[in-house]
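**Student:** Here it is, the structure, as structure tokens.
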Amino acid sequence: MRFVPLDTPKPLSKIGLGTWQFGSREWGYGPEYERRAAEIVRRAVDLGITVFDTAELYGFGRSERILGEALGDDRQKVVLATKIFPILPVAPVVQQRAVASAARLGVTHLDLYQVHQANPLVADHTTMRGMRALQDVGLVGEVGVSNYGLRRWQVAEAALGRRVLSNQVRYSMVDRRPEHDLLPYAKQAGRLVIAYSPLAQGFLSGRYDAKNPPSGAVRRANPYFLPENLERGATLIETLRQVADAHDATPSQIALAYLLRHPNVLAIPGASGVEQVERNAAAADIDLADDEHAALARAAREFRPITGLAAAPRLLRARAGG
């Protein structure tokens with residue numbers, strides 16, 4: 001396992017474990033997945049993964065409970081990251097919700113506490129006042145944000161008066177906007193970009209095509225899985241396969257390695273089983289050659305999916321089975 005070169009109390013593994021699916025039925029994994037979750041967490045620890053990301057919103061607290069119980073005595077050794085869902089994130093509410101998350105996780109210290117979304121009606125100065133108080137009493141170590149643009153990330157840091165270590169954003173080979181501003185800022189300022197959905201919810205795995213669409217409510221609502229987009233992505237997937245063959249790897253591992261090439265990026269893919277978390281962890285050790293990285297970047301740029309308003313009627317038809 002490789003680690004992010006930042007000064008933090010505990011090492012940050014380049015691959016973490018995202019736990020959105022823990023306790024959440026919308027992924028379509030079924031009730032038995034909750035039992036498998038503990039095996040996934042234990043194997044992740046064995047593989048050297050140190051970052052475990054959850055949120056109070058995931059399964060309405062169940063993800064935090066499942067993760068805390070699965071970690072057991074290792075809760076103090078790893079980096080536990082959770083998020084507050086920002087409904088009225090004024091200082092007292094922030095403090096109350098942090099205490100509740102810590103209780104569900106079974107800890108007295110949150111290594112990284114993140115604002116899940118920017119609230120358009122509540123300024124960051126009141127949210128960060130609560131975060132600063134949590135740091136002062138030792139309940140929170142590092143503060144992070146999620147789904148923030150660069151300017152608001154900087155505003156939040158000014159409001160906190162200390163570093164806002166991380167910004168957790170959607171980042172993958174098909175969602176490359178963070179490369180324009182967030183990644184350069186992270187490198188310049190010594191900050192961290194945490195990539196969620198780094199495999200575009202499995203789109204980059206090569207498992208799906210127009211004749212074999214995914215199941216589960218989350219993926220069915222993702223425009224990337226429209227038949228037209230699965231067809232448009234064929235060249236990108238083929239490029240991933242070609243590079244993967246050269247490394248005796250899978251397309252998913254190469255898609256992760258593409259992100260991890262940046263020193264200030266940490267990816268938090270989920271895992272449906274022990275084998276998947278093993279493959280994800282191994283991706284941290286893949287070194288892409290310059291020409292391979294360039295070929296992947298070119299294929300990613302040339303992928304032009306149907307998204308936004310243009311995708312809406314197609315998604316409705318797909319969900320209706322038409």
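For the structure tokens, the naming scheme is as follows: chains receive sequential letters (A, B, ...) according to their order of presentation, residues are indexed from 1 within each chain, and ligands are indexed from 1 in presentation order.
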Might you pull out every residue within 8 Å of stretch 237-251 of chain A, with only C-alpha atoms counted and same-chain residues fewer than 5 positions away left off, and present them as a VMD selection string?
**Tutor:** chain A and resid 204 to 206 286 292 295 to 296 299
**Student:** As a PyMOL selection string, please: every residue in stretch 241-317 of chain A that DSSP puts in helix (DSSP H, G or I).
**Tutor:** chain A and resi 241-246+251-260+274-283+290-302+308-317
**Student:** Out of stretch 170-230 of chain A, which residues get strand (DSSP E) from DSSP, as a PyMOL selection string?
**Tutor:** chain A and resi 170+192-196
**Student:** If you measure from atom CA of A:Arg304 to atom CA of A:Asn229, what distance in Å do you get, rounded to one decimal?
**Tutor:** 8.1 Å
**Student:** Using only C-alpha atoms, which of the listed residues (A:Tyr33, A:Tyr185, A:Tyr224, A:Tyr113) sits closest to A:Phe303?
**Tutor:**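 That would be A:Tyr224, the residue with the smallest distance to A:Phe303.
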**Student:** Might you pull out every residue within 10 Å of A:Ala189, with only C-alpha atoms counted and same-chain residues fewer than 6 positions away left off, and present them as a ChimeraX atom specification?
**Tutor:** /A:163,165,183
**Student:** Mind giving me the straight-line distance from atom CA of A:Tyr171 to atom CA of A:Leu139 in Å, one decimal?
**Tutor:** 29.0 Å
**Student:** From the list A:Val45, A:Ala284, A:Ala186, A:Met131, which residue is nearest A:Gln154 when using only C-alpha atoms?
**Tutor:** A:Ala186
